[in-house]
$ cat start-v6.txt   # compact mmCIF, C-alpha atoms
# COMPACT_ATOMS: atom_id res chain seq x y z
CA MET A 1 0.00 0.00 0.00
CA LYS A 2 1.26 3.46 -0.87
CA LYS A 3 2.43 5.80 1.89
CA ASN A 4 -0.22 8.40 1.09
CA HIS A 5 -2.89 5.70 1.44
CA VAL A 6 -1.52 4.67 4.82
CA TYR A 7 -1.48 8.30 5.97
CA ALA A 8 -5.07 8.79 4.84
CA LEU A 9 -6.21 5.66 6.70
CA ILE A 10 -4.36 6.60 9.89
CA ILE A 11 -5.83 10.11 9.88
CA TYR A 12 -9.37 8.98 9.07
CA PHE A 13 -9.60 6.13 11.57
CA GLY A 14 -7.55 8.02 14.15
CA VAL A 15 -9.88 11.01 14.12
CA GLY A 16 -12.89 8.69 14.22
CA LEU A 17 -11.61 6.86 17.29
CA LEU A 18 -10.68 10.17 18.94
CA GLY A 19 -14.23 11.39 18.42
CA ASP A 20 -15.61 8.28 20.10
CA VAL A 21 -13.28 8.75 23.07
CA ILE A 22 -14.29 12.40 23.45
CA THR A 23 -17.95 11.43 23.27
CA LEU A 24 -17.49 8.89 26.07
CA ILE A 25 -15.56 11.35 28.23
CA PHE A 26 -17.83 14.38 27.91
CA ASN A 27 -21.11 12.54 27.26
CA ASN A 28 -22.44 15.51 25.28
CA PRO A 29 -23.34 14.14 21.82
CA ARG A 30 -25.23 17.24 20.64
CA SER A 31 -22.21 19.55 20.95
CA LEU A 32 -19.84 16.91 19.66
CA VAL A 33 -21.97 16.18 16.61
CA ILE A 34 -21.86 19.85 15.64
CA ILE A 35 -18.11 20.14 16.19
CA LEU A 36 -17.08 16.86 14.58
CA ASN A 37 -19.32 17.15 11.54
CA PHE A 38 -19.05 20.86 10.75
CA MET A 39 -15.35 21.22 11.51
CA LEU A 40 -13.62 17.86 11.27
CA SER A 41 -15.56 16.30 8.39
CA PRO A 42 -14.74 19.03 5.84
CA LEU A 43 -11.15 19.11 7.09
CA LEU A 44 -10.83 15.34 6.81
CA LEU A 45 -12.24 15.44 3.30
CA PHE A 46 -9.81 18.16 2.27
CA VAL A 47 -6.81 16.29 3.71
CA THR A 48 -7.89 13.00 2.09
CA LEU A 49 -8.40 14.63 -1.29
CA TYR A 50 -4.96 16.22 -1.01
CA LEU A 51 -3.32 12.91 -0.18
CA LEU A 52 -5.08 11.18 -3.07
CA LYS A 53 -4.82 14.00 -5.60
CA ASP A 54 -2.51 12.05 -7.89
CA ASP A 55 -4.21 8.67 -7.42
CA LEU A 56 -7.63 9.97 -8.39
CA LYS A 57 -6.34 10.75 -11.87
CA LEU A 58 -5.60 7.07 -12.51
CA MET A 59 -7.94 4.23 -13.39
CA VAL A 60 -7.95 1.48 -10.80
CA PHE A 61 -9.26 -1.48 -12.78
CA GLU A 62 -8.03 -2.64 -16.16
CA LYS A 63 -11.32 -2.04 -17.88
CA ARG A 64 -12.98 0.85 -19.64
CA LYS A 65 -14.85 3.41 -17.62
CA SER A 66 -18.57 3.43 -18.13
CA THR A 67 -19.98 6.27 -20.18
CA VAL A 68 -21.99 9.04 -18.56
CA LYS A 69 -25.21 7.40 -19.72
CA GLN A 70 -24.12 4.00 -18.40
CA SER A 71 -23.09 5.57 -15.10
CA ILE A 72 -26.46 7.25 -14.63
CA TYR A 73 -28.21 3.98 -15.38
CA ALA A 74 -25.94 2.17 -12.91
CA ILE A 75 -26.69 4.73 -10.19
CA ILE A 76 -30.45 4.32 -10.65
CA LYS A 77 -30.25 0.53 -10.88
CA TRP A 78 -28.01 -0.04 -7.87
CA PHE A 79 -29.79 2.49 -5.67
CA PHE A 80 -33.05 0.70 -6.43
CA ILE A 81 -31.35 -2.58 -5.49
CA VAL A 82 -30.17 -1.04 -2.19
CA ILE A 83 -33.78 -0.10 -1.37
CA ILE A 84 -35.06 -3.56 -2.34
CA GLY A 85 -32.41 -5.13 -0.11
CA PHE A 86 -33.43 -2.85 2.74
CA ILE A 87 -37.05 -3.93 2.39
CA VAL A 88 -36.07 -7.61 2.32
CA ILE A 89 -33.83 -7.24 5.38
CA ALA A 90 -36.56 -5.31 7.18
CA THR A 91 -39.03 -8.08 6.42
CA ILE A 92 -36.75 -10.88 7.58
CA THR A 93 -35.13 -9.24 10.59
CA PRO A 94 -37.00 -6.04 11.49
CA LEU A 95 -35.02 -5.52 14.70
CA PHE A 96 -31.80 -5.38 12.73
CA SER A 97 -32.66 -3.63 9.50
CA THR A 98 -34.24 -0.46 10.79
CA SER A 99 -31.53 0.51 13.25
CA GLU A 100 -29.41 2.46 10.78
CA VAL A 101 -32.40 4.55 9.76
CA SER A 102 -33.37 4.93 13.41
CA ASN A 103 -29.86 6.09 14.32
CA SER A 104 -29.99 8.64 11.52
CA SER A 105 -33.44 9.66 12.71
CA ARG A 106 -32.35 10.36 16.27
CA MET A 107 -29.25 12.19 15.08
CA THR A 108 -30.99 14.44 12.57
CA GLN A 109 -33.85 15.19 14.94
CA ALA A 110 -31.42 16.18 17.68
CA VAL A 111 -29.24 18.31 15.38
CA PRO A 112 -31.09 18.96 12.08
CA LEU A 113 -28.14 20.78 10.49
CA ILE A 114 -26.11 17.58 10.63
CA VAL A 115 -28.00 16.54 7.49
CA ILE A 116 -25.57 18.63 5.44
CA PRO A 117 -22.31 16.83 6.33
CA PHE A 118 -24.12 13.51 6.78
CA VAL A 119 -25.60 13.57 3.28
CA PHE A 120 -22.87 15.26 1.24
CA ILE A 121 -19.50 15.17 3.01
CA ALA A 122 -19.52 11.77 4.73
CA PRO A 123 -20.32 9.76 1.55
CA ILE A 124 -17.47 11.35 -0.41
CA LEU A 125 -15.00 10.83 2.44
CA GLU A 126 -16.09 7.26 3.10
CA GLU A 127 -15.95 6.29 -0.57
CA LEU A 128 -12.43 7.63 -0.84
CA ILE A 129 -11.37 5.62 2.21
CA PHE A 130 -13.31 2.40 1.81
CA ARG A 131 -13.70 2.08 -1.95
CA ARG A 132 -10.71 3.95 -3.42
CA ILE A 133 -8.14 2.82 -0.84
CA ILE A 134 -9.32 -0.28 1.03
CA PHE A 135 -11.24 -2.05 -1.73
CA THR A 136 -8.64 -1.37 -4.41
CA SER A 137 -5.90 -2.59 -2.06
CA PHE A 138 -7.79 -5.84 -1.45
CA SER A 139 -8.49 -6.26 -5.17
CA LYS A 140 -4.76 -6.45 -5.89
CA LYS A 141 -4.38 -9.48 -3.62
CA PHE A 142 -7.75 -11.22 -3.65
CA THR A 143 -10.59 -11.94 -6.04
CA ILE A 144 -13.16 -9.21 -6.56
CA LEU A 145 -15.78 -11.16 -4.62
CA LEU A 146 -13.55 -11.57 -1.57
CA SER A 147 -12.43 -7.96 -1.84
CA ILE A 148 -16.03 -6.77 -1.82
CA LEU A 149 -16.85 -8.97 1.19
CA PHE A 150 -13.75 -7.92 3.16
CA THR A 151 -14.37 -4.25 2.43
CA SER A 152 -18.03 -4.51 3.41
CA VAL A 153 -17.24 -6.25 6.70
CA ILE A 154 -14.81 -3.46 7.60
CA PHE A 155 -17.25 -0.76 6.44
CA ALA A 156 -20.16 -2.18 8.44
CA GLY A 157 -17.98 -2.89 11.46
CA TRP A 158 -16.57 0.64 11.48
CA HIS A 159 -20.07 2.05 11.91
CA MET A 160 -20.10 0.18 15.21
CA THR A 161 -23.76 -0.77 15.30
CA LEU A 162 -24.29 -4.51 15.66
CA SER A 163 -28.03 -4.28 15.04
CA GLY A 164 -27.50 -2.28 11.86
CA PHE A 165 -24.73 -4.50 10.50
CA PRO A 166 -26.84 -6.40 7.90
CA LEU A 167 -28.14 -3.22 6.26
CA ILE A 168 -24.80 -1.39 6.23
CA PHE A 169 -23.09 -4.53 4.96
CA TRP A 170 -25.63 -4.81 2.13
CA LEU A 171 -25.21 -1.14 1.25
CA SER A 172 -21.45 -1.60 1.07
CA VAL A 173 -21.68 -4.73 -1.09
CA VAL A 174 -23.86 -2.92 -3.62
CA ILE A 175 -21.88 0.31 -3.84
CA THR A 176 -18.54 -1.52 -3.88
CA TYR A 177 -19.64 -3.66 -6.80
CA SER A 178 -21.02 -0.60 -8.57
CA TYR A 179 -17.54 0.92 -8.36
CA TYR A 180 -15.93 -2.15 -9.87
CA GLN A 181 -18.58 -2.47 -12.57
CA THR A 182 -18.35 1.14 -13.76
CA ASN A 183 -14.74 1.94 -12.84
CA ARG A 184 -16.00 5.36 -11.74
CA LEU A 185 -15.79 6.43 -8.09
CA LEU A 186 -18.51 9.00 -8.71
CA VAL A 187 -21.04 6.17 -9.04
CA PRO A 188 -20.74 4.76 -5.49
CA ILE A 189 -20.42 8.30 -4.13
CA THR A 190 -23.74 9.26 -5.72
CA ILE A 191 -25.50 6.10 -4.56
CA HIS A 192 -24.16 6.68 -1.05
CA ILE A 193 -25.40 10.28 -1.08
CA LEU A 194 -28.82 9.14 -2.28
CA TRP A 195 -29.01 6.57 0.52
CA ASN A 196 -28.01 9.10 3.19
CA LEU A 197 -30.51 11.55 1.73
CA PHE A 198 -33.18 8.86 1.86
CA SER A 199 -32.47 7.92 5.48
CA SER A 200 -32.27 11.60 6.51
CA SER A 201 -35.56 12.33 4.79
CA VAL A 202 -37.14 9.45 6.66
CA ALA A 203 -35.77 10.92 9.88
CA LEU A 204 -37.14 14.41 9.22
CA ILE A 205 -40.49 13.35 7.79
CA GLY A 206 -41.52 10.44 9.94
CA ALA A 207 -38.92 8.42 11.82
CA SER A 208 -41.57 6.75 13.95
CA PHE A 209 -42.64 4.72 10.90
CA PHE A 210 -39.37 2.76 11.04
CA GLU A 211 -39.08 2.47 14.83
$ encode --input "start-v6.txt" --output "structure tokens"
Amino acid sequence: MKKNHVYALIIYFGVGLLGDVITLIFNNPRSLVIILNFMLSPLLLFVTLYLLKDDLKLMVFEKRKSTVKQSIYAIIKWFFIVIIGFIVIATITPLFSTSEVSNSSRMTQAVPLIVIPFVFIAPILEELIFRRIIFTSFSKKFTILLSILFTSVIFAGWHMTLSGFPLIFWLSVVITYSYYQTNRLLVPITIHILWNLFSSSVALIGASFFE
């Protein structure tokens, strides 16, 4: 793994763990949510983009990038599949599947302005870390299937919600494959934004429906 990738991972996961420690110490999630998301998230995104500025110019997979039309179709198709998967998971294990939406609901209701970094900044940052760095690193050593599974386990585990693991894992599987299929990072970023927008909308319009 390249040094700039290692630096990006250390900074991202280090800041994330630091935020969790501060939350436990001060036990004041409302203030911390505002600080961490309106100050640290944009800064983390800027630093990550700087570290990856040269890498983002290169194609990761030895295949042609999808056209704009193909990319738009892929975004619509895979986002629809994410929603279908959510419905299936909710039907099979309702206690598990709704937790991610419920967590988003409580967070956005407590601090409505968090919708901005949650919907737009977090997806870009997470796709750079999990798809552009972690997944591509796995794909150089393992098959694509194993790389997708390994990446999705790490992605779901990092969100540290056992009850929401199935849904987050499914989301990661879909958006990771969409990246490989299209060879365009913008595709999983857009799907991720759409999902966060969907869950935030649920939170602001009627979270009680999912709880």
$ closest_residue --input "start-v6.txt" --among "A:Tyr179, A:Phe130, A:Phe135, A:Trp78" --to "Ala8 of chain A" --atoms "only C-alpha atoms"
A:Phe130
$ residues_around --input "start-v6.txt" --residues "Thr136 of chain A" --least-positions-apart "3" --cutoff "9 Å" --atoms "all atoms listed in the file" --output "ChimeraX atom specification"
/A:60-61,130-133,139-140,147
$ residues_near_point --input "start-v6.txt" --point "(-25.4, 8.9, -0.2)" --cutoff "12 Å" --atoms "all atoms listed in the file" --output "ChimeraX atom specification"
/A:75,79,82,115-127,171-172,175,186-201
$ atom_distance --input "start-v6.txt" --atom1 "atom CA of Lys63 of chain A" --atom2 "atom CA of His5 of chain A"
22.5 Å
$ closest_residue --input "start-v6.txt" --among "A:Ile72, A:Ile11, A:Ala156, A:Val6" --to "Ser137 of chain A" --atoms "only C-alpha atoms"
A:Val6
$ atom_distance --input "start-v6.txt" --atom1 "atom CA of Thr93 of chain A" --atom2 "atom CA of Leu167 of chain A"
10.2 Å
$ atom_distance --input "start-v6.txt" --atom1 "atom CA of Leu9 of chain A" --atom2 "atom CA of Tyr180 of chain A"
20.7 Å
$ closest_residue --input "start-v6.txt" --among "A:Ser152, A:Thr182, A:Trp158, A:Leu51" --to "Lys2 of chain A" --atoms "all atoms listed in the file"
A:Leu51
$ closest_residue --input "start-v6.txt" --among "A:Ile10, A:Val15, A:Gly85, A:Leu149" --to "Leu40 of chain A" --atoms "all atoms listed in the file"
A:Val15
$ residues_around --input "start-v6.txt" --residues "Val153 of chain A" --least-positions-apart "5" --cutoff "10 Å" --atoms "only C-alpha atoms" --output "ChimeraX atom specification"
/A:147-148,158,165-166,168-170,172-173
$ residues_around --input "start-v6.txt" --residues "Phe138 of chain A" --least-positions-apart "3" --cutoff "8 Å" --atoms "all atoms listed in the file" --output "ChimeraX atom specification"
/A:134-135,141-142,147,150-151
$ axis_aligned_box --input "start-v6.txt" --around "segment 52-69 of chain A" --padding-each-side "6 Å" --output "lines of an AutoDock Vina configuration file"
center_x = -13.9
center_y = 5.7
center_z = -11.6
size_x = 34.7
size_y = 28.6
size_z = 29.1
$ closest_residue --input "start-v6.txt" --among "A:Ile144, A:Gln181, A:Tyr50, A:Ile83" --to "Arg64 of chain A" --atoms "only C-alpha atoms"
A:Gln181
